Amino acid sequence: MGVTYSDNLITLMNEAYDMTMKQVVNHVIDIADEALEITEDKMVNIIENTPSSIVEGKDNRVDTGLMRDSVGKKYMKKVSDNYWQGSAGWVDKVKDYFITQEYGGKTPSSWGSLGGKTISPMHMLTQAQVEMNEYLKERIEGVF
């Protein structure tokens with residue numbers, strides 16, 4: 001006399017797989033959200049520590065603080081069945097001068113006495129993207 005188990009094992013395996021995949025996906029999303037937070041901080045740091053090439057002796061790119069304060073993040077969000085998206089940077093507000101600071105070039109005449117000067121690029125987006133990719137690779141490799 002004993003206990004008998006009878007069920008479709010493939011169904012159980014599929015259920016276990018689905019549960020495991022949900023756990024893995026949730027863990028990876030958490031890691032991606034961490035990466036976005038770190039990336040946001042990195043971007044602010046770059047703005048605060050990249051010397052100006054058009055103002056003698058200025059050791060940052062902060063004037064009014066709007067460019068720095070406009071850096072933010074949007075946490076991971078499901079876009080479709082197998083696609084998630086998150087972002088860090090100027091996610092809500094982008095002014096033309098942010099782009100000039102980022103990529104460099106001639107400053108517009110609207111910059112007053114700083115207009116018409118050549119500003120070196122900050123490369124905030126590129127630096128942050130590289131570091132975010134490295135962070136994600138390390139963290140996700142550590143999961144598996």
# chains A, B, ... in the order shown; residues from 1 in each chain; ligands from 1
>>> select_by_dssp(residues="region 3-137 of chain A", states="strand (DSSP E)", output="VMD selection string")
chain A and resid 72 to 80 83 to 89 105 to 106 118 to 119
>>> write_last_selection(atoms="N, CA and C atoms", output="CSV table (one decimal), in the first residue's frame")
chain,number,residue,atom,x,y,z
A,72,GLY,N,18.1,61.9,-15.6
A,72,GLY,CA,17.2,61.1,-14.8
A,72,GLY,C,17.2,59.7,-15.4
A,73,LYS,N,16.2,58.9,-14.9
A,73,LYS,CA,16.1,57.5,-15.4
A,73,LYS,C,14.7,57.1,-15.5
A,74,LYS,N,14.4,56.1,-16.3
A,74,LYS,CA,13.1,55.5,-16.4
A,74,LYS,C,13.4,54.0,-16.3
A,75,TYR,N,12.9,53.4,-15.2
A,75,TYR,CA,13.1,52.0,-14.9
A,75,TYR,C,12.6,51.1,-16.0
A,76,MET,N,13.1,49.9,-16.0
A,76,MET,CA,12.7,48.9,-17.0
A,76,MET,C,11.2,48.7,-17.0
A,77,LYS,N,10.6,48.7,-18.2
A,77,LYS,CA,9.2,48.6,-18.4
A,77,LYS,C,9.0,47.6,-19.6
A,78,LYS,N,8.0,46.8,-19.5
A,78,LYS,CA,7.7,45.8,-20.5
A,78,LYS,C,7.0,46.5,-21.7
A,79,VAL,N,7.6,46.4,-22.9
A,79,VAL,CA,7.1,47.0,-24.1
A,79,VAL,C,6.3,46.0,-24.9
A,80,SER,N,6.8,44.8,-24.9
A,80,SER,CA,6.0,43.7,-25.6
A,80,SER,C,6.4,42.4,-24.9
A,83,TYR,N,10.3,42.0,-24.8
A,83,TYR,CA,11.1,43.2,-24.9
A,83,TYR,C,10.8,44.2,-23.8
A,84,TRP,N,11.9,44.5,-23.1
A,84,TRP,CA,11.8,45.5,-22.0
A,84,TRP,C,12.7,46.7,-22.3
A,85,GLN,N,12.4,47.8,-21.8
A,85,GLN,CA,13.2,49.0,-22.1
A,85,GLN,C,13.3,49.9,-20.8
A,86,GLY,N,14.4,50.4,-20.6
A,86,GLY,CA,14.7,51.4,-19.6
A,86,GLY,C,15.7,52.4,-20.1
A,87,SER,N,15.8,53.6,-19.5
A,87,SER,CA,16.8,54.5,-20.0
A,87,SER,C,17.3,55.4,-18.9
A,88,ALA,N,18.5,56.0,-19.2
A,88,ALA,CA,19.1,57.0,-18.2
A,88,ALA,C,19.6,58.1,-19.1
A,89,GLY,N,19.6,59.3,-18.6
A,89,GLY,CA,20.1,60.4,-19.3
A,89,GLY,C,19.1,61.5,-19.3
A,105,GLY,N,31.5,71.2,-30.6
A,105,GLY,CA,31.3,72.0,-31.8
A,105,GLY,C,31.2,73.5,-31.5
A,106,LYS,N,30.8,74.3,-32.5
A,106,LYS,CA,30.6,75.7,-32.3
A,106,LYS,C,29.4,76.0,-31.4
A,118,THR,N,34.5,77.2,-30.0
A,118,THR,CA,34.5,75.8,-30.2
A,118,THR,C,34.6,75.1,-28.8
A,119,ILE,N,33.6,74.3,-28.5
A,119,ILE,CA,33.6,73.6,-27.2
A,119,ILE,C,34.0,72.1,-27.5
>>> residues_around(residues="Gly142 (chain A)", least_positions_apart="5", cutoff="12 Å", atoms="only C-alpha atoms", output="number ranges by chain")
A: 27-28, 31, 135-137
>>> write_last_selection(atoms="C-alpha atoms", output="tab-separated table (two decimals), in the first residue's frame")
chain	number	residue	atom	x	y	z
A	27	HIS	CA	16.17	39.14	-11.32
A	28	VAL	CA	17.60	40.45	-14.59
A	31	ILE	CA	19.93	44.15	-12.24
A	135	TYR	CA	28.19	46.48	-15.39
A	136	LEU	CA	25.32	44.53	-16.94
A	137	LYS	CA	27.67	41.95	-18.45
>>> atom_distance(atom1="CA of Val55 (chain A)", atom2="CA of Val130 (chain A)")
28.0 Å
>>> closest_residue(among="A:Leu9, A:Ile38, A:Val94, A:Met67", to="Glu131 (chain A)", atoms="only C-alpha atoms")
A:Ile38
>>> atom_distance(atom1="CA of Asp69 (chain A)", atom2="CA of Phe98 (chain A)")
11.5 Å
>>> closest_residue(among="A:Val3, A:Ile54, A:Met43, A:Ala32", to="Val71 (chain A)", atoms="only C-alpha atoms")
A:Met43
